[in-house]
Amino acid sequence: MITSTEKQKIQETDAQRIRRNKREILDSIYVTFLSVKLVPLHKLIIQFVFSLLLTLLYTSPKLAELLNLENVTEPSLSLKLLIPSLYTVPQIALFCFLFKKNLLMFFRTFDKKQIKLLVWAGIFSFGVAMGINALLQYGFSYTAADNENTVSFVPSDSFILIIQLLGEEVLFFSTFFFILKLFTYTEKPQYGISICITSVLSCVLFGLAHLSTYDYRIIQCLFIIGFPCFIKILLLLKTRNLWCTYTAHLVHDLLAVLIVALGTLVNQQ
């Protein structure tokens, strides 16, 4: 049965739809700001610092030394799953412990509208990344580094990706919520400006966290990896659901794997 609200949405013009979406995002910015304001600062600091330090360790060559994996040429699937699990599980455990009273503020159940939205967000963010890559390559003769994990991807690596991206999502949004929290202490908060500055800093830090993965090419990490994350923030403001942003991130990365696989297949023929 279609409700009166749904009928209005069906009958609205493109201009009305744009205005409604803009109004919904502005409302979400306000709600997100107030929600973060209620979370204790020390908890956000603990989560942010822990996630950042764990990411630095995870992306460091010293991790292989610590786990004694330097001489392992063909690791088993269980060993492959162990490494991203050591990165993601502690972050999730700490997140659930610190924010057990606020979990519904971050994670909600999907609905059909959100599923459609997150798929398009993942596709669009991938398109933005590819567009920036093409601009840098053909406009500025900049060659981006390949991700070895993407190039050598096999179907069983999907499980690794699923685990790892959840840890990356915790890192990104623990950064986002921590920085946004700092803006809640201003006497006259500017909600839109606060979100914009927080988004820029979060995207920059997330991009820089990928430096070792992409041969320390800072331009690639900032613009091809970091900049498309703005779309995840818009998705969060629209849905207020980290499951949506995580799944959109997964769609983005799986598209990258698919494109690389198709390119390899074409080159072999």
# chains A, B, ... in the order shown; residues from 1 in each chain; ligands from 1
$ residues_around --residues "stretch 86-97 of chain A" --least-positions-apart "4" --cutoff "7 Å" --atoms "only C-alpha atoms" --output "ChimeraX atom specification"
/A:47,51,54,58,82,163-164,166-167
$ residues_around --residues "A:Ala256" --least-positions-apart "2" --cutoff "10 Å" --atoms "only C-alpha atoms" --output "tab-separated table (two decimals) with all heavy atoms, in the first residue's frame"
chain	number	residue	atom	x	y	z
A	126	PHE	N	33.52	5.08	-7.46
A	126	PHE	CA	34.50	4.41	-8.33
A	126	PHE	C	34.68	5.21	-9.62
A	126	PHE	O	35.80	5.39	-10.10
A	126	PHE	CB	34.03	2.99	-8.65
A	126	PHE	CG	34.94	2.27	-9.61
A	126	PHE	CD1	36.18	1.81	-9.19
A	126	PHE	CD2	34.55	2.05	-10.92
A	126	PHE	CE1	37.02	1.16	-10.08
A	126	PHE	CE2	35.39	1.40	-11.82
A	126	PHE	CZ	36.63	0.95	-11.39
A	127	GLY	N	33.57	5.70	-10.17
A	127	GLY	CA	33.64	6.52	-11.38
A	127	GLY	C	34.44	7.80	-11.16
A	127	GLY	O	35.23	8.21	-12.01
A	129	ALA	N	36.83	8.21	-8.91
A	129	ALA	CA	38.24	7.81	-8.78
A	129	ALA	C	38.87	7.56	-10.15
A	129	ALA	O	40.00	7.99	-10.42
A	129	ALA	CB	38.35	6.56	-7.91
A	130	MET	N	38.12	6.88	-11.03
A	130	MET	CA	38.64	6.60	-12.36
A	130	MET	C	38.76	7.89	-13.18
A	130	MET	O	39.70	8.05	-13.97
A	130	MET	CB	37.71	5.62	-13.09
A	130	MET	CG	37.73	4.20	-12.52
A	130	MET	SD	39.37	3.41	-12.60
A	130	MET	CE	40.00	3.75	-10.94
A	150	THR	N	45.21	-5.94	-5.56
A	150	THR	CA	44.17	-5.89	-6.60
A	150	THR	C	44.62	-6.63	-7.84
A	150	THR	O	43.85	-7.38	-8.45
A	150	THR	CB	43.85	-4.42	-6.96
A	150	THR	OG1	43.43	-3.73	-5.77
A	150	THR	CG2	42.73	-4.35	-7.98
A	151	VAL	N	45.89	-6.45	-8.22
A	151	VAL	CA	46.42	-7.09	-9.43
A	151	VAL	C	46.44	-8.61	-9.30
A	151	VAL	O	46.12	-9.34	-10.23
A	151	VAL	CB	47.84	-6.55	-9.74
A	151	VAL	CG1	48.46	-7.32	-10.89
A	151	VAL	CG2	47.79	-5.06	-10.05
A	250	LEU	N	32.77	-1.42	-0.26
A	250	LEU	CA	33.00	-2.76	-0.79
A	250	LEU	C	32.66	-2.82	-2.28
A	250	LEU	O	33.41	-3.41	-3.08
A	250	LEU	CB	32.15	-3.77	-0.02
A	250	LEU	CG	32.32	-5.26	-0.38
A	250	LEU	CD1	33.75	-5.71	-0.14
A	250	LEU	CD2	31.35	-6.12	0.44
A	251	VAL	N	31.55	-2.20	-2.67
A	251	VAL	CA	31.17	-2.14	-4.08
A	251	VAL	C	32.25	-1.43	-4.89
A	251	VAL	O	32.65	-1.88	-5.97
A	251	VAL	CB	29.82	-1.40	-4.25
A	251	VAL	CG1	29.53	-1.12	-5.72
A	251	VAL	CG2	28.68	-2.23	-3.65
A	252	HIS	N	32.75	-0.33	-4.36
A	252	HIS	CA	33.82	0.45	-5.01
A	252	HIS	C	35.04	-0.44	-5.28
A	252	HIS	O	35.56	-0.48	-6.41
A	252	HIS	CB	34.19	1.63	-4.11
A	252	HIS	CG	35.33	2.46	-4.61
A	252	HIS	ND1	35.21	3.79	-4.89
A	252	HIS	CD2	36.63	2.15	-4.88
A	252	HIS	CE1	36.37	4.27	-5.32
A	252	HIS	NE2	37.25	3.29	-5.31
A	253	ASP	N	35.51	-1.13	-4.25
A	253	ASP	CA	36.73	-1.93	-4.39
A	253	ASP	C	36.52	-3.15	-5.28
A	253	ASP	O	37.43	-3.56	-6.02
A	253	ASP	CB	37.23	-2.35	-3.02
A	253	ASP	CG	38.00	-1.24	-2.32
A	253	ASP	OD1	37.72	-0.05	-2.61
A	253	ASP	OD2	38.88	-1.54	-1.49
A	254	LEU	N	35.35	-3.75	-5.22
A	254	LEU	CA	35.07	-4.91	-6.08
A	254	LEU	C	35.02	-4.49	-7.55
A	254	LEU	O	35.44	-5.25	-8.43
A	254	LEU	CB	33.75	-5.57	-5.67
A	254	LEU	CG	33.79	-6.36	-4.35
A	254	LEU	CD1	32.40	-6.88	-4.01
A	254	LEU	CD2	34.78	-7.53	-4.44
A	258	LEU	N	37.31	-5.93	-10.54
A	258	LEU	CA	36.70	-6.39	-11.79
A	258	LEU	C	37.34	-5.73	-13.00
A	258	LEU	O	37.65	-6.40	-14.00
A	258	LEU	CB	35.20	-6.10	-11.76
A	258	LEU	CG	34.40	-6.51	-13.00
A	258	LEU	CD1	34.47	-8.03	-13.21
A	258	LEU	CD2	32.94	-6.08	-12.87
A	259	ILE	N	37.59	-4.43	-12.92
A	259	ILE	CA	38.21	-3.70	-14.03
A	259	ILE	C	39.62	-4.22	-14.29
A	259	ILE	O	40.03	-4.42	-15.45
A	259	ILE	CB	38.23	-2.18	-13.75
A	259	ILE	CG1	36.81	-1.62	-13.73
A	259	ILE	CG2	39.07	-1.45	-14.78
A	259	ILE	CD1	36.07	-1.77	-15.04
A	260	VAL	N	40.37	-4.43	-13.22
A	260	VAL	CA	41.74	-4.96	-13.37
A	260	VAL	C	41.72	-6.35	-13.98
A	260	VAL	O	42.52	-6.67	-14.87
A	260	VAL	CB	42.48	-4.97	-12.01
A	260	VAL	CG1	43.80	-5.72	-12.12
A	260	VAL	CG2	42.72	-3.56	-11.52
A	261	ALA	N	40.78	-7.19	-13.52
A	261	ALA	CA	40.67	-8.55	-14.05
A	261	ALA	C	40.30	-8.54	-15.54
A	261	ALA	O	40.86	-9.31	-16.33
A	261	ALA	CB	39.62	-9.33	-13.25
A	262	LEU	N	39.38	-7.67	-15.92
A	262	LEU	CA	39.00	-7.56	-17.34
A	262	LEU	C	40.15	-7.05	-18.19
A	262	LEU	O	40.38	-7.53	-19.29
A	262	LEU	CB	37.79	-6.62	-17.48
A	262	LEU	CG	36.45	-7.15	-16.95
A	262	LEU	CD1	35.38	-6.06	-17.04
A	262	LEU	CD2	36.01	-8.39	-17.74
$ select_by_dssp --residues "stretch 10-113 of chain A" --states "alpha helix (DSSP H)" --output "ChimeraX atom specification"
/A:10-11,14-38,41-58,62-66,77-98,103-106,112-113
$ write_last_selection --atoms "C-alpha atoms" --output "mmCIF file, in the first residue's frame"
data_model
loop_
_atom_site.group_PDB
_atom_site.id
_atom_site.type_symbol
_atom_site.label_atom_id
_atom_site.label_comp_id
_atom_site.auth_asym_id
_atom_site.auth_seq_id
_atom_site.Cartn_x
_atom_site.Cartn_y
_atom_site.Cartn_z
ATOM 1 C CA ILE A 10 6.337 10.023 -6.916
ATOM 2 C CA GLN A 11 4.475 13.108 -8.138
ATOM 3 C CA ASP A 14 13.016 17.116 -10.431
ATOM 4 C CA ALA A 15 13.425 20.569 -8.896
ATOM 5 C CA GLN A 16 11.237 19.585 -5.944
ATOM 6 C CA ARG A 17 13.179 16.346 -5.510
ATOM 7 C CA ILE A 18 16.485 18.252 -5.454
ATOM 8 C CA ARG A 19 15.132 20.669 -2.851
ATOM 9 C CA ARG A 20 13.805 17.785 -0.740
ATOM 10 C CA ASN A 21 17.138 15.919 -0.867
ATOM 11 C CA LYS A 22 19.016 19.103 0.030
ATOM 12 C CA ARG A 23 16.660 19.692 2.954
ATOM 13 C CA GLU A 24 17.095 16.096 4.143
ATOM 14 C CA ILE A 25 20.899 16.389 4.022
ATOM 15 C CA LEU A 26 20.828 19.671 5.947
ATOM 16 C CA ASP A 27 18.615 18.040 8.567
ATOM 17 C CA SER A 28 21.011 15.058 8.700
ATOM 18 C CA ILE A 29 24.001 17.389 9.180
ATOM 19 C CA TYR A 30 22.252 18.931 12.177
ATOM 20 C CA VAL A 31 21.269 15.540 13.636
ATOM 21 C CA THR A 32 24.773 14.102 13.075
ATOM 22 C CA PHE A 33 26.345 17.137 14.730
ATOM 23 C CA LEU A 34 24.096 16.870 17.786
ATOM 24 C CA SER A 35 24.572 13.082 17.982
ATOM 25 C CA VAL A 36 28.367 13.422 18.015
ATOM 26 C CA LYS A 37 28.057 16.154 20.635
ATOM 27 C CA LEU A 38 26.514 13.612 23.020
ATOM 28 C CA LEU A 41 35.412 13.128 23.718
ATOM 29 C CA HIS A 42 37.785 10.715 25.458
ATOM 30 C CA LYS A 43 36.053 7.738 23.835
ATOM 31 C CA LEU A 44 36.439 9.231 20.363
ATOM 32 C CA ILE A 45 40.116 9.994 21.047
ATOM 33 C CA ILE A 46 40.788 6.435 22.229
ATOM 34 C CA GLN A 47 39.101 4.917 19.160
ATOM 35 C CA PHE A 48 40.816 7.301 16.736
ATOM 36 C CA VAL A 49 44.327 6.820 18.181
ATOM 37 C CA PHE A 50 43.928 3.042 18.434
ATOM 38 C CA SER A 51 42.625 2.717 14.858
ATOM 39 C CA LEU A 52 45.376 4.970 13.512
ATOM 40 C CA LEU A 53 48.190 3.118 15.301
ATOM 41 C CA LEU A 54 46.803 -0.248 14.241
ATOM 42 C CA THR A 55 46.587 0.968 10.628
ATOM 43 C CA LEU A 56 50.206 2.153 10.710
ATOM 44 C CA LEU A 57 51.249 -1.277 11.977
ATOM 45 C CA TYR A 58 49.053 -3.099 9.461
ATOM 46 C CA LYS A 62 57.403 -4.850 9.988
ATOM 47 C CA LEU A 63 54.100 -6.700 10.363
ATOM 48 C CA ALA A 64 55.495 -9.577 8.268
ATOM 49 C CA GLU A 65 58.514 -9.686 10.585
ATOM 50 C CA LEU A 66 56.351 -9.727 13.711
ATOM 51 C CA LEU A 77 43.640 -19.010 3.104
ATOM 52 C CA SER A 78 43.447 -19.216 6.901
ATOM 53 C CA LEU A 79 46.715 -17.290 7.175
ATOM 54 C CA LYS A 80 45.479 -14.730 4.647
ATOM 55 C CA LEU A 81 42.342 -14.229 6.730
ATOM 56 C CA LEU A 82 44.305 -13.978 9.965
ATOM 57 C CA ILE A 83 46.171 -10.803 8.987
ATOM 58 C CA PRO A 84 43.148 -8.593 8.145
ATOM 59 C CA SER A 85 41.336 -10.084 11.140
ATOM 60 C CA LEU A 86 44.126 -8.879 13.432
ATOM 61 C CA TYR A 87 43.546 -5.433 11.930
ATOM 62 C CA THR A 88 39.745 -5.318 11.992
ATOM 63 C CA VAL A 89 38.589 -7.406 14.962
ATOM 64 C CA PRO A 90 40.398 -5.363 17.664
ATOM 65 C CA GLN A 91 38.986 -2.142 16.186
ATOM 66 C CA ILE A 92 35.442 -3.510 16.117
ATOM 67 C CA ALA A 93 35.798 -4.913 19.646
ATOM 68 C CA LEU A 94 36.996 -1.575 21.003
ATOM 69 C CA PHE A 95 34.314 0.307 19.069
ATOM 70 C CA CYS A 96 31.548 -1.904 20.494
ATOM 71 C CA PHE A 97 32.965 -1.569 24.005
ATOM 72 C CA LEU A 98 33.328 2.220 23.879
ATOM 73 C CA LEU A 103 25.631 1.651 18.501
ATOM 74 C CA LEU A 104 22.209 2.428 17.046
ATOM 75 C CA MET A 105 23.508 5.901 16.280
ATOM 76 C CA PHE A 106 26.114 4.359 13.962
ATOM 77 C CA LYS A 112 15.465 -1.415 0.072
ATOM 78 C CA LYS A 113 15.955 2.280 -0.572
#
$ closest_residue --among "A:Ile195, A:Ser212, A:Val39, A:Ser174" --to "A:Asp146" --atoms "only C-alpha atoms"
A:Ser212
$ atom_distance --atom1 "atom CA of A:Leu165" --atom2 "atom CA of A:Ala134"
24.7 Å
$ atom_distance --atom1 "atom CA of A:Thr213" --atom2 "atom CA of A:Phe153"
14.6 Å
$ closest_residue --among "A:Gly122, A:Pro40, A:Pro189, A:Pro155" --to "A:Lys101" --atoms "only C-alpha atoms"
A:Pro40
$ closest_residue --among "A:Tyr185, A:Ala145, A:Asn241, A:Tyr191" --to "A:Cys221" --atoms "only C-alpha atoms"
A:Ala145
$ closest_residue --among "A:Ile162, A:Lys238, A:Val170, A:Phe183" --to "A:Phe206" --atoms "only C-alpha atoms"
A:Val170
$ closest_atom_pairs --of "stretch 99-131 of chain A" --to "stretch 227-237 of chain A" --cutoff "7 Å" --atoms "only C-alpha atoms" --output "CSV"
residue,atom,partner,partner_atom,distance
A:Ala121,CA,A:Ile231,CA,6.6
A:Ser125,CA,A:Pro228,CA,5.2
A:Val128,CA,A:Pro228,CA,6.3
A:Ala129,CA,A:Pro228,CA,6.1
$ residues_around --residues "A:Cys244" --least-positions-apart "4" --cutoff "8 Å" --atoms "only C-alpha atoms" --output "list in words"
Phe110, Gln114, Ile115, Leu118, Leu235, Leu236, Thr239 and Ala248 of chain A
$ write_last_selection --atoms "N, CA and C atoms" --output "mmCIF file, in the first residue's frame"
data_model
loop_
_atom_site.group_PDB
_atom_site.id
_atom_site.type_symbol
_atom_site.label_atom_id
_atom_site.label_comp_id
_atom_site.auth_asym_id
_atom_site.auth_seq_id
_atom_site.Cartn_x
_atom_site.Cartn_y
_atom_site.Cartn_z
ATOM 1 N N PHE A 110 19.353 -2.336 7.126
ATOM 2 C CA PHE A 110 19.139 -1.859 5.762
ATOM 3 C C PHE A 110 17.652 -1.797 5.430
ATOM 4 N N GLN A 114 17.896 2.114 0.892
ATOM 5 C CA GLN A 114 19.296 2.282 1.239
ATOM 6 C C GLN A 114 20.189 1.374 0.419
ATOM 7 N N ILE A 115 19.730 0.157 0.137
ATOM 8 C CA ILE A 115 20.524 -0.773 -0.665
ATOM 9 C C ILE A 115 20.758 -0.199 -2.062
ATOM 10 N N LEU A 118 23.225 2.792 -1.731
ATOM 11 C CA LEU A 118 24.627 2.460 -1.468
ATOM 12 C C LEU A 118 25.307 1.862 -2.693
ATOM 13 N N LEU A 235 26.716 9.832 1.872
ATOM 14 C CA LEU A 235 25.871 8.650 2.098
ATOM 15 C C LEU A 235 25.548 8.497 3.576
ATOM 16 N N LEU A 236 26.527 8.771 4.437
ATOM 17 C CA LEU A 236 26.282 8.708 5.883
ATOM 18 C C LEU A 236 25.244 9.742 6.299
ATOM 19 N N THR A 239 21.827 8.460 5.135
ATOM 20 C CA THR A 239 21.282 7.236 5.746
ATOM 21 C C THR A 239 21.538 7.127 7.243
ATOM 22 N N ALA A 248 29.045 0.332 0.416
ATOM 23 C CA ALA A 248 29.386 1.153 -0.747
ATOM 24 C C ALA A 248 30.890 1.087 -1.016
#
